[in-house]
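Trainee: Okay, so here is data16.cif, and as you'll see once you scroll down, it has mmCIF, C-alpha atoms and all ligand atoms.
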```cif
data_data
#
loop_
_atom_site.group_PDB
_atom_site.id
_atom_site.type_symbol
_atom_site.label_atom_id
_atom_site.label_comp_id
_atom_site.auth_asym_id
_atom_site.auth_seq_id
_atom_site.Cartn_x
_atom_site.Cartn_y
_atom_site.Cartn_z
ATOM 1 C CA MET R 122 -38.894 -23.319 -3.872
ATOM 2 C CA GLU R 123 -39.079 -21.116 -0.790
ATOM 3 C CA LEU R 124 -38.788 -17.406 -1.547
ATOM 4 C CA TYR R 125 -37.457 -14.619 0.662
ATOM 5 C CA TYR R 126 -38.097 -10.925 0.340
ATOM 6 C CA LEU R 127 -35.300 -8.492 0.971
ATOM 7 C CA LYS R 128 -35.341 -4.744 0.838
ATOM 8 C CA SER R 129 -32.745 -3.364 -1.540
ATOM 9 C CA PHE R 130 -30.971 -0.085 -0.777
ATOM 10 C CA SER R 131 -33.439 1.747 -2.977
ATOM 11 C CA CYS R 132 -36.309 0.253 -0.947
ATOM 12 C CA MET R 133 -37.529 -1.940 -3.814
ATOM 13 C CA SER R 134 -38.699 -5.397 -2.840
ATOM 14 C CA LEU R 135 -36.722 -8.181 -4.527
ATOM 15 C CA LYS R 136 -37.423 -11.901 -4.740
ATOM 16 C CA PHE R 137 -34.628 -14.320 -3.809
ATOM 17 C CA SER R 138 -34.314 -18.076 -3.416
ATOM 18 C CA GLN R 139 -32.692 -19.274 -0.156
ATOM 19 C CA ASP R 140 -29.369 -19.850 -1.942
ATOM 20 C CA GLN R 141 -29.479 -16.472 -3.634
ATOM 21 C CA LYS R 142 -30.287 -14.824 -0.342
ATOM 22 C CA ALA R 143 -27.317 -16.470 1.373
ATOM 23 C CA ARG R 144 -24.995 -15.470 -1.476
ATOM 24 C CA PHE R 145 -26.322 -11.924 -1.536
ATOM 25 C CA LEU R 146 -25.864 -11.488 2.200
ATOM 26 C CA ASN R 147 -22.447 -13.078 2.087
ATOM 27 C CA GLU R 148 -21.246 -10.850 -0.745
ATOM 28 C CA ARG R 149 -22.690 -7.760 0.899
ATOM 29 C CA CYS R 150 -20.988 -8.712 4.123
ATOM 30 C CA ASN R 151 -17.633 -9.235 2.364
ATOM 31 C CA VAL R 152 -17.908 -5.994 0.413
ATOM 32 C CA SER R 153 -18.637 -4.020 3.559
ATOM 33 C CA THR R 154 -16.039 -5.712 5.758
ATOM 34 C CA MET R 155 -13.005 -6.248 3.497
ATOM 35 C CA ILE R 156 -10.253 -3.910 4.621
ATOM 36 C CA ARG R 157 -7.279 -3.132 2.403
ATOM 37 C CA VAL R 158 -3.795 -3.054 3.870
ATOM 38 C CA SER R 159 -3.501 0.382 2.264
ATOM 39 C CA ASP R 160 -6.535 1.533 4.352
ATOM 40 C CA ILE R 161 -4.617 0.537 7.481
ATOM 41 C CA MET R 162 -1.623 2.538 6.256
ATOM 42 C CA VAL R 163 -3.803 5.619 5.733
ATOM 43 C CA TYR R 164 -5.313 5.083 9.209
ATOM 44 C CA LEU R 165 -1.801 5.125 10.682
ATOM 45 C CA LYS R 166 -1.134 8.485 9.032
ATOM 46 C CA CYS R 167 -4.430 9.898 10.302
ATOM 47 C CA PRO R 168 -7.680 8.062 11.169
ATOM 48 C CA ARG R 169 -9.697 10.988 9.871
ATOM 49 C CA MET R 170 -7.990 10.779 6.492
ATOM 50 C CA CYS R 171 -9.166 7.182 6.415
ATOM 51 C CA TYR R 172 -12.716 8.379 7.180
ATOM 52 C CA PHE R 173 -12.768 10.977 4.399
ATOM 53 C CA MET R 174 -11.305 8.584 1.838
ATOM 54 C CA ASN R 175 -13.851 5.946 2.755
ATOM 55 C CA LYS R 176 -16.569 8.530 2.108
ATOM 56 C CA GLY R 177 -15.343 8.702 -1.490
ATOM 57 C CA ASN R 178 -13.095 11.785 -1.206
ATOM 58 C CA GLU R 179 -9.848 11.418 -3.056
ATOM 59 C CA LEU R 180 -6.475 12.919 -2.344
ATOM 60 C CA VAL R 181 -5.281 13.905 -5.786
ATOM 61 C CA LYS R 182 -1.524 14.188 -5.995
ATOM 62 C CA GLU R 183 -0.077 16.816 -8.287
ATOM 63 C CA PRO R 184 2.385 15.092 -10.630
ATOM 64 C CA GLY R 185 5.272 17.359 -9.597
ATOM 65 C CA VAL R 186 8.943 16.377 -9.954
ATOM 66 C CA ASP R 187 9.092 14.995 -6.408
ATOM 67 C CA TYR R 188 6.131 12.705 -6.912
ATOM 68 C CA ILE R 189 7.369 11.539 -10.345
ATOM 69 C CA GLN R 190 10.815 10.790 -8.886
ATOM 70 C CA ARG R 191 9.265 8.519 -6.272
ATOM 71 C CA LEU R 192 7.201 6.591 -8.799
ATOM 72 C CA LEU R 193 10.203 6.234 -11.080
ATOM 73 C CA LEU R 194 12.480 5.109 -8.254
ATOM 74 C CA LYS R 195 9.956 2.488 -7.189
ATOM 75 C CA GLU R 196 9.689 1.162 -10.726
ATOM 76 C CA LEU R 197 13.483 1.147 -11.030
ATOM 77 C CA ALA R 198 13.778 -0.785 -7.747
ATOM 78 C CA LEU R 199 11.810 -3.602 -9.365
ATOM 79 C CA THR R 200 14.692 -3.962 -11.856
ATOM 80 C CA TYR R 201 17.593 -4.034 -9.355
ATOM 81 C CA GLY R 202 17.814 -7.824 -9.808
ATOM 82 C CA SER R 203 18.240 -7.452 -13.597
ATOM 83 C CA ALA R 204 20.841 -4.695 -13.178
ATOM 84 C CA LEU R 205 22.891 -7.009 -10.961
ATOM 85 C CA LYS R 206 23.084 -9.703 -13.627
ATOM 86 C CA GLY R 207 25.615 -7.872 -15.804
ATOM 87 C CA GLU R 208 29.293 -7.327 -15.029
ATOM 88 C CA ASP R 209 28.895 -3.680 -14.166
ATOM 89 C CA THR R 210 25.910 -2.929 -11.889
ATOM 90 C CA LEU R 211 26.064 0.839 -12.403
ATOM 91 C CA SER R 212 25.797 0.597 -16.173
ATOM 92 C CA GLY R 213 23.064 -2.025 -15.699
ATOM 93 C CA LEU R 214 21.114 0.493 -13.603
ATOM 94 C CA ASN R 215 21.663 3.217 -16.183
ATOM 95 C CA LYS R 216 20.336 0.940 -18.934
ATOM 96 C CA GLU R 217 17.254 0.085 -16.875
ATOM 97 C CA LEU R 218 16.635 3.771 -16.164
ATOM 98 C CA GLU R 219 17.015 4.607 -19.848
ATOM 99 C CA ARG R 220 14.438 1.973 -20.777
ATOM 100 C CA LEU R 221 12.082 3.127 -18.015
ATOM 101 C CA SER R 222 12.259 6.756 -19.064
ATOM 102 C CA TYR R 223 10.266 5.671 -22.176
ATOM 103 C CA GLU R 224 8.100 2.962 -20.637
ATOM 104 C CA PHE R 225 7.343 4.660 -17.345
ATOM 105 C CA PRO R 226 4.685 7.123 -18.669
ATOM 106 C CA VAL R 227 2.815 4.154 -20.179
ATOM 107 C CA ILE R 228 2.908 2.133 -16.949
ATOM 108 C CA TYR R 229 1.783 5.099 -14.820
ATOM 109 C CA ARG R 230 -0.602 6.634 -17.359
ATOM 110 C CA LEU R 231 -3.187 7.606 -14.750
ATOM 111 C CA GLU R 232 -0.781 8.913 -12.099
ATOM 112 C CA LEU R 233 1.181 10.937 -14.653
ATOM 113 C CA ALA R 234 -1.803 12.481 -16.424
ATOM 114 C CA GLY R 235 -0.992 16.178 -16.658
ATOM 115 C CA ALA R 236 2.743 15.755 -16.025
ATOM 116 C CA GLY R 237 4.810 17.799 -18.470
ATOM 117 C CA ASP R 238 7.832 16.476 -20.413
ATOM 118 C CA ALA R 239 10.125 18.857 -18.524
ATOM 119 C CA ALA R 240 9.048 17.442 -15.132
ATOM 120 C CA LEU R 241 9.513 13.878 -16.412
ATOM 121 C CA ALA R 242 12.988 14.692 -17.754
ATOM 122 C CA GLU R 243 13.970 16.374 -14.491
ATOM 123 C CA ALA R 244 12.789 13.370 -12.465
ATOM 124 C CA VAL R 245 14.833 11.016 -14.672
ATOM 125 C CA SER R 246 17.965 13.112 -14.250
ATOM 126 C CA CYS R 247 17.500 13.314 -10.440
ATOM 127 C CA VAL R 248 17.152 9.534 -10.188
ATOM 128 C CA ARG R 249 20.184 9.092 -12.471
ATOM 129 C CA ALA R 250 22.245 11.174 -10.042
ATOM 130 C CA TRP R 251 21.434 8.678 -7.243
ATOM 131 C CA LEU R 252 22.549 5.550 -9.109
ATOM 132 C CA GLY R 253 26.197 5.800 -8.024
ATOM 133 C CA GLU R 254 25.074 5.715 -4.393
ATOM 134 C CA ILE R 255 22.551 2.915 -4.882
ATOM 135 C CA SER R 256 24.740 0.586 -6.948
ATOM 136 C CA PRO R 257 27.383 -0.525 -4.361
ATOM 137 C CA HIS R 258 24.715 -1.392 -1.761
ATOM 138 C CA LEU R 259 22.602 -3.740 -3.857
ATOM 139 C CA SER R 260 22.540 -7.221 -2.340
ATOM 140 C CA ILE R 261 22.988 -10.022 -4.882
ATOM 141 C CA GLU R 262 21.611 -12.482 -2.321
ATOM 142 C CA HIS R 263 18.335 -10.581 -1.937
ATOM 143 C CA TYR R 264 17.801 -9.518 -5.525
ATOM 144 C CA SER R 265 18.619 -12.892 -7.067
ATOM 145 C CA ARG R 266 15.823 -14.603 -5.156
ATOM 146 C CA THR R 267 12.803 -15.890 -7.044
ATOM 147 C CA CYS R 268 9.825 -13.650 -6.526
ATOM 148 C CA GLU R 269 6.366 -12.801 -7.727
ATOM 149 C CA PHE R 270 5.681 -9.113 -8.326
ATOM 150 C CA GLU R 271 2.633 -7.448 -6.800
ATOM 151 C CA PRO R 272 0.554 -10.583 -6.084
ATOM 152 C CA ALA R 273 -3.078 -9.793 -5.200
ATOM 153 C CA LEU R 274 -3.790 -11.348 -1.793
ATOM 154 C CA ARG R 275 -7.205 -11.687 -0.188
ATOM 155 C CA SER R 276 -8.467 -13.407 2.943
ATOM 156 C CA ASP R 277 -12.208 -13.606 3.506
ATOM 157 C CA LYS R 278 -11.521 -15.148 6.902
ATOM 158 C CA PHE R 279 -9.615 -12.100 8.134
ATOM 159 C CA GLY R 280 -11.473 -9.590 5.960
ATOM 160 C CA LEU R 281 -8.177 -8.302 4.530
ATOM 161 C CA THR R 282 -6.834 -7.663 1.030
ATOM 162 C CA GLY R 283 -3.550 -6.268 -0.195
ATOM 163 C CA SER R 284 -0.674 -6.569 -2.576
ATOM 164 C CA PRO R 285 2.964 -6.489 -1.432
ATOM 165 C CA ASP R 286 5.507 -5.281 -3.974
ATOM 166 C CA LYS R 287 7.074 -8.748 -4.021
ATOM 167 C CA LEU R 288 6.482 -12.186 -2.611
ATOM 168 C CA ILE R 289 9.887 -13.833 -2.266
ATOM 169 C CA LYS R 290 10.530 -17.564 -2.201
ATOM 170 C CA ILE R 291 13.447 -18.638 0.001
ATOM 171 C CA ALA R 292 13.752 -22.453 -0.047
ATOM 172 C CA ASP R 293 10.454 -23.619 1.464
ATOM 173 C CA GLU R 294 9.628 -20.229 2.898
ATOM 174 C CA LEU R 295 7.614 -17.276 1.586
ATOM 175 C CA ALA R 296 8.397 -13.694 2.625
ATOM 176 C CA PRO R 297 6.677 -10.441 1.576
ATOM 177 C CA SER R 298 8.901 -7.553 0.545
ATOM 178 C CA ILE R 299 7.924 -3.880 0.241
ATOM 179 C CA ILE R 300 9.724 -1.079 -1.591
ATOM 180 C CA LYS R 301 9.985 2.318 0.095
ATOM 181 C CA THR R 302 11.149 5.431 -1.702
ATOM 182 C CA GLY R 303 11.186 7.755 1.294
ATOM 183 C CA ALA R 304 13.637 8.205 4.136
ATOM 184 C CA MET R 305 15.422 5.249 5.724
ATOM 185 C CA PRO R 306 15.707 5.072 9.533
ATOM 186 C CA GLU R 307 19.170 4.860 11.010
ATOM 187 C CA ASN R 308 18.473 1.352 12.272
ATOM 188 C CA GLY R 309 15.746 -1.159 11.577
ATOM 189 C CA VAL R 310 12.581 -0.071 9.802
ATOM 190 C CA TRP R 311 9.791 2.438 10.423
ATOM 191 C CA LYS R 312 6.887 1.255 12.573
ATOM 192 C CA SER R 313 4.431 1.676 9.685
ATOM 193 C CA ASP R 314 6.654 -0.545 7.466
ATOM 194 C CA ARG R 315 6.590 -3.224 10.156
ATOM 195 C CA VAL R 316 2.773 -3.053 10.385
ATOM 196 C CA GLN R 317 2.422 -3.236 6.609
ATOM 197 C CA LEU R 318 4.697 -6.288 6.359
ATOM 198 C CA THR R 319 2.879 -8.041 9.205
ATOM 199 C CA ALA R 320 -0.483 -7.507 7.468
ATOM 200 C CA TYR R 321 0.934 -9.071 4.284
ATOM 201 C CA ALA R 322 2.436 -11.922 6.325
ATOM 202 C CA ILE R 323 -1.033 -12.716 7.740
ATOM 203 C CA LEU R 324 -2.458 -12.742 4.211
ATOM 204 C CA VAL R 325 0.319 -14.960 2.828
ATOM 205 C CA GLU R 326 -0.097 -17.454 5.683
ATOM 206 C CA GLU R 327 -3.818 -17.666 5.099
ATOM 207 C CA ILE R 328 -3.545 -18.131 1.337
ATOM 208 C CA TYR R 329 -0.513 -20.426 1.150
ATOM 209 C CA ASN R 330 -1.018 -22.228 4.454
ATOM 210 C CA LYS R 331 2.570 -21.514 5.527
ATOM 211 C CA VAL R 332 4.009 -19.771 8.555
ATOM 212 C CA VAL R 333 5.675 -16.480 7.598
ATOM 213 C CA THR R 334 8.487 -15.627 9.957
ATOM 214 C CA ARG R 335 10.029 -12.651 8.183
ATOM 215 C CA GLY R 336 9.654 -9.988 5.547
ATOM 216 C CA PHE R 337 11.829 -7.325 3.938
ATOM 217 C CA VAL R 338 11.807 -3.578 3.480
ATOM 218 C CA GLU R 339 13.768 -2.314 0.473
ATOM 219 C CA TYR R 340 14.802 1.320 0.901
ATOM 220 C CA ALA R 341 15.169 2.001 -2.809
ATOM 221 C CA ARG R 342 16.968 5.347 -2.594
ATOM 222 C CA TRP R 343 19.942 3.684 -0.863
ATOM 223 C CA GLY R 344 19.702 0.181 -2.345
ATOM 224 C CA THR R 345 19.475 -1.117 1.218
ATOM 225 C CA VAL R 346 17.362 -4.091 2.297
ATOM 226 C CA ARG R 347 16.349 -4.621 5.924
ATOM 227 C CA GLU R 348 14.910 -7.837 7.271
ATOM 228 C CA VAL R 349 11.957 -7.736 9.654
ATOM 229 C CA ILE R 350 11.019 -10.592 11.991
ATOM 230 C CA ILE R 351 7.240 -10.926 12.174
ATOM 231 C CA LYS R 352 6.329 -10.644 15.840
ATOM 232 C CA ARG R 353 3.264 -11.763 17.771
ATOM 233 C CA HIS R 354 2.408 -8.335 19.183
ATOM 234 C CA GLU R 355 2.499 -6.848 15.662
ATOM 235 C CA ARG R 356 0.046 -9.499 14.454
ATOM 236 C CA ARG R 357 -2.266 -8.486 17.295
ATOM 237 C CA ASN R 358 -1.773 -4.835 16.388
ATOM 238 C CA VAL R 359 -2.697 -5.436 12.728
ATOM 239 C CA LEU R 360 -5.948 -7.168 13.695
ATOM 240 C CA GLN R 361 -6.826 -4.323 16.074
ATOM 241 C CA LEU R 362 -6.086 -1.735 13.389
ATOM 242 C CA ARG R 363 -8.226 -3.685 10.914
ATOM 243 C CA ASP R 364 -11.129 -3.527 13.394
ATOM 244 C CA ARG R 365 -10.706 0.223 13.893
ATOM 245 C CA VAL R 366 -10.695 0.796 10.127
ATOM 246 C CA ARG R 367 -13.782 -1.388 9.832
ATOM 247 C CA LYS R 368 -15.530 0.822 12.390
ATOM 248 C CA ILE R 369 -14.710 3.845 10.238
ATOM 249 C CA HIS R 370 -16.071 2.031 7.175
ATOM 250 C CA ASP R 371 -19.252 1.501 9.159
ATOM 251 C CA GLY R 372 -19.598 5.272 9.527
ATOM 252 C CA PHE R 373 -17.712 6.166 12.722
ATOM 253 C CA MET R 374 -15.884 9.511 12.459
ATOM 254 C CA PRO R 375 -12.719 9.487 14.573
ATOM 255 C CA GLU R 376 -11.450 12.453 16.591
ATOM 256 C CA LYS R 377 -8.883 14.757 15.023
ATOM 257 C CA PRO R 378 -5.607 13.348 16.391
ATOM 258 C CA GLY R 379 -3.222 15.672 18.208
ATOM 259 C CA GLU R 380 -0.236 14.905 15.970
ATOM 260 C CA ALA R 381 -1.997 14.637 12.631
ATOM 261 C CA PRO R 382 -0.003 15.763 9.561
ATOM 262 C CA CYS R 383 -2.532 18.546 8.799
ATOM 263 C CA LEU R 384 0.004 20.898 7.254
ATOM 264 C CA HIS R 385 0.299 18.844 4.064
ATOM 265 C CA CYS R 386 -3.179 17.335 4.067
ATOM 266 C CA GLY R 387 -5.684 17.964 1.275
ATOM 267 C CA PHE R 388 -8.636 17.452 3.639
ATOM 268 C CA THR R 389 -7.953 20.449 5.882
ATOM 269 C CA GLU R 390 -11.060 22.401 4.874
ATOM 270 C CA LEU R 391 -13.340 19.380 5.005
ATOM 271 C CA CYS R 392 -11.879 18.459 8.365
ATOM 272 C CA GLU R 393 -12.490 21.938 9.819
ATOM 273 C CA VAL R 394 -16.121 21.907 8.686
ATOM 274 C CA LYS R 395 -16.702 18.474 10.231
ATOM 275 C CA SER R 396 -15.036 19.511 13.500
ATOM 276 C CA THR R 397 -17.153 22.680 13.718
ATOM 277 C CA LEU R 398 -20.360 20.758 13.037
ATOM 278 C CA ALA R 399 -19.450 18.081 15.571
ATOM 279 C CA SER R 400 -18.684 20.704 18.264
ATOM 280 C CA ARG R 401 -22.089 22.331 17.624
ATOM 281 C CA PHE R 402 -23.893 19.094 18.246
ATOM 282 C CA PHE R 403 -21.958 17.865 21.282
HETATM 283 S S1 LIG B 1 -6.624 17.837 8.194
HETATM 284 FE FE1 LIG B 1 -5.399 16.807 9.762
HETATM 285 S S2 LIG B 1 -6.870 15.712 11.060
HETATM 286 FE FE2 LIG B 1 -7.932 16.268 9.155
HETATM 287 S S3 LIG B 1 -7.709 14.491 7.831
HETATM 288 FE FE3 LIG B 1 -6.017 15.849 7.349
HETATM 289 S S4 LIG B 1 -4.329 15.188 8.650
HETATM 290 FE FE4 LIG B 1 -6.195 14.289 9.472
#
```
Write the structure described by the file as C-alpha cells, please.
Ligand code: SF4
Mentor:
Amino acid sequence: MELYYLKSFSCMSLKFSQDQKARFLNERCNVSTMIRVSDIMVYLKCPRMCYFMNKGNELVKEPGVDYIQRLLLKELALTYGSALKGEDTLSGLNKELERLSYEFPVIYRLELAGAGDAALAEAVSCVRAWLGEISPHLSIEHYSRTCEFEPALRSDKFGLTGSPDKLIKIADELAPSIIKTGAMPENGVWKSDRVQLTAYAILVEEIYNKVVTRGFVEYARWGTVREVIIKRHERRNVLQLRDRVRKIHDGFMPEKPGEAPCLHCGFTELCEVKSTLASRFF
C-alpha cells in the first residue's frame, strides 16, 4: 500500500494511506470552510466582531432581565400553536407561560447560569403582561402547520450550516421560519432577517432537493408573522457574505466599519488595540 507523509500542525510526521490522506484533507477542508448562518449574522452586525469571535473570543451576555425576557419569549413563541388549540387563546398562553416558568431554567441552563430568582420572576411577569397584545394576532393558519423544530442543516457543497427555528411543511413545499424577539419593522421584515431566511432556504433546497420560494419571520412580541419571498439577488448576497466570512476565518482582519455598533460591543478594548497596532504597521 502506498504511503504518504503529511506534516501535522505540531510538525510531527504522520503516516497515511492514500484513502486516509484524502479523508484527512477533505475533513480539514470542511472544518476550515464550513460557515454557520449565525456567523453571517454576526458579520452583518460588524465584520470585526466576526473576526474576534472566530479567534475564540466570546461575547458573554449578562443574564439580566432583558436578556431573560427575550429567551423566554422565544421559547413561548414555540408554543403559540399549542395555545391556539384551546377555546381561549389567552388562557392557553398563560398556561404555557406558567409551565415554561419552571421548565425554562432547565432548557437554558447554560445561558441562565448566574441568573437570580428575582430576575427570572421579573422576566416572567413582563412577558405575562404582553400576552393580551400577542393573543389576538396569532394566526391559526400559520401556527397549525406541521413543522420540525430547530432542524440541523448542513451543506458540504455550499460550505454552510445552520438551524432555523422551524421548518414548515405546506402541502408539497418546505419553508424555513425564524422567531425574532426584537423590534418589528412597520412593513415587511428587516434586511438581516431576509438574509438569514435566504441562507436557510439555500440549505433546505440542497438537503431536500426542493425549490424554496418563501420563508417566514415570526415577530414574537406582537404575535405577527410576515412572509418573505426568496429572491435571486438575496441568494447571490448570501453566497457573497459566506465568502467574506470565509476570508475572515482564513485570518483576514476587516476594517472597523463606520457605522459599527461599538457603544454596546464587548470587544471595544480589543478592537482599539488591534486598530492601534494596525496603524503602526501601515
Ligand atoms: S468595537 Fe465596534 S468595530 Fe470593534 S468589533 Fe465591536 S462593534 Fe465592531
Trainee: List the residues selected by the PyMOL selection byres (((not hetatm)) within 7 of (chain B and resi 1)) in the file shown, writing them as number ranges by chain.
Mentor: R: 167-170, 377-378, 381-383, 386-389, 392
Trainee: Which is closer to Val346 of chain R than all the others in R:His370, R:His258, R:Lys287, R:Arg275, using all atoms listed in the file?
Mentor: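 Nearest candidate to Val346 of chain R out of R:His370, R:His258, R:Lys287, R:Arg275: R:His258.
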Trainee: When you draw a straight line from atom CA of Phe173 of chain R to atom CA of Val325 of chain R, how long is it in Å?
Mentor: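 Answer for the atom CA of Phe173 of chain R to atom CA of Val325 of chain R separation: 29.1 Å.
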Trainee: Which polymer residues, whether protein, DNA or RNA, lie within 10 Å of the coordinate (11.1, -18.8, 13.0) when you count all atoms listed in the file? List them as a PyMOL selection string, using the chain letters and numbers from the file.
Mentor: chain R and resi 332-335+350-352
Trainee: Tell me which residues come within 12 Å of (14.1, -12.2, 9.0), as a list in words, counting only C-alpha atoms in the file's coordinates.
Mentor: His263, Ile291, Glu294, Leu295, Ala296, Pro297, Ser298, Gly309, Arg315, Leu318, Thr319, Ala322, Val333, Thr334, Arg335, Gly336, Phe337, Val338, Val346, Arg347, Glu348, Val349, Ile350, Ile351 and Lys352 of chain R
Trainee: With C-alpha atoms kept, could you save the residues just selected as an mmCIF file, in the coordinates of the input?
Mentor:
```cif
data_model
loop_
_atom_site.group_PDB
_atom_site.id
_atom_site.type_symbol
_atom_site.label_atom_id
_atom_site.label_comp_id
_atom_site.auth_asym_id
_atom_site.auth_seq_id
_atom_site.Cartn_x
_atom_site.Cartn_y
_atom_site.Cartn_z
ATOM 1 C CA HIS R 263 18.335 -10.581 -1.937
ATOM 2 C CA ILE R 291 13.447 -18.638 0.001
ATOM 3 C CA GLU R 294 9.628 -20.229 2.898
ATOM 4 C CA LEU R 295 7.614 -17.276 1.586
ATOM 5 C CA ALA R 296 8.397 -13.694 2.625
ATOM 6 C CA PRO R 297 6.677 -10.441 1.576
ATOM 7 C CA SER R 298 8.901 -7.553 0.545
ATOM 8 C CA GLY R 309 15.746 -1.159 11.577
ATOM 9 C CA ARG R 315 6.590 -3.224 10.156
ATOM 10 C CA LEU R 318 4.697 -6.288 6.359
ATOM 11 C CA THR R 319 2.879 -8.041 9.205
ATOM 12 C CA ALA R 322 2.436 -11.922 6.325
ATOM 13 C CA VAL R 333 5.675 -16.480 7.598
ATOM 14 C CA THR R 334 8.487 -15.627 9.957
ATOM 15 C CA ARG R 335 10.029 -12.651 8.183
ATOM 16 C CA GLY R 336 9.654 -9.988 5.547
ATOM 17 C CA PHE R 337 11.829 -7.325 3.938
ATOM 18 C CA VAL R 338 11.807 -3.578 3.480
ATOM 19 C CA VAL R 346 17.362 -4.091 2.297
ATOM 20 C CA ARG R 347 16.349 -4.621 5.924
ATOM 21 C CA GLU R 348 14.910 -7.837 7.271
ATOM 22 C CA VAL R 349 11.957 -7.736 9.654
ATOM 23 C CA ILE R 350 11.019 -10.592 11.991
ATOM 24 C CA ILE R 351 7.240 -10.926 12.174
ATOM 25 C CA LYS R 352 6.329 -10.644 15.840
#
```
Trainee: Give me the residues near Gly280 of chain R as number ranges by chain, where near means some atom within 7 Å (using all atoms listed in the file) and where sequence neighbours in that chain fewer than 4 positions away do not count.
Mentor: R: 154-156, 276
Trainee: For Lys290 of chain R, which of R:Ser265, R:Gln317, R:Thr302, R:Asn358 is the closest residue, counting only C-alpha atoms?
Mentor: R:Ser265
Trainee: Ranking R:Leu360, R:Val316, R:Leu194, R:Leu214 by minimum distance to Cys247 of chain R and counting only C-alpha atoms, which one comes first?
Mentor: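 Of the candidates, the smallest distance to Cys247 of chain R is held by R:Leu194.
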Trainee: Please report as a tab-separated table every residue of segment 316-379 of chain R lying within 12 Å of segment 200-206 of chain R, along with the nearest atom pair and their distance in Å (one decimal), using only C-alpha atoms.
Mentor:
```
residue	atom	partner	partner_atom	distance
R:Glu339	CA	R:Tyr201	CA	10.7
R:Tyr340	CA	R:Tyr201	CA	11.9
R:Ala341	CA	R:Tyr201	CA	9.2
R:Arg342	CA	R:Tyr201	CA	11.6
R:Trp343	CA	R:Tyr201	CA	11.7
R:Gly344	CA	R:Tyr201	CA	8.4
R:Thr345	CA	R:Tyr201	CA	11.1
R:Val346	CA	R:Tyr201	CA	11.7
```
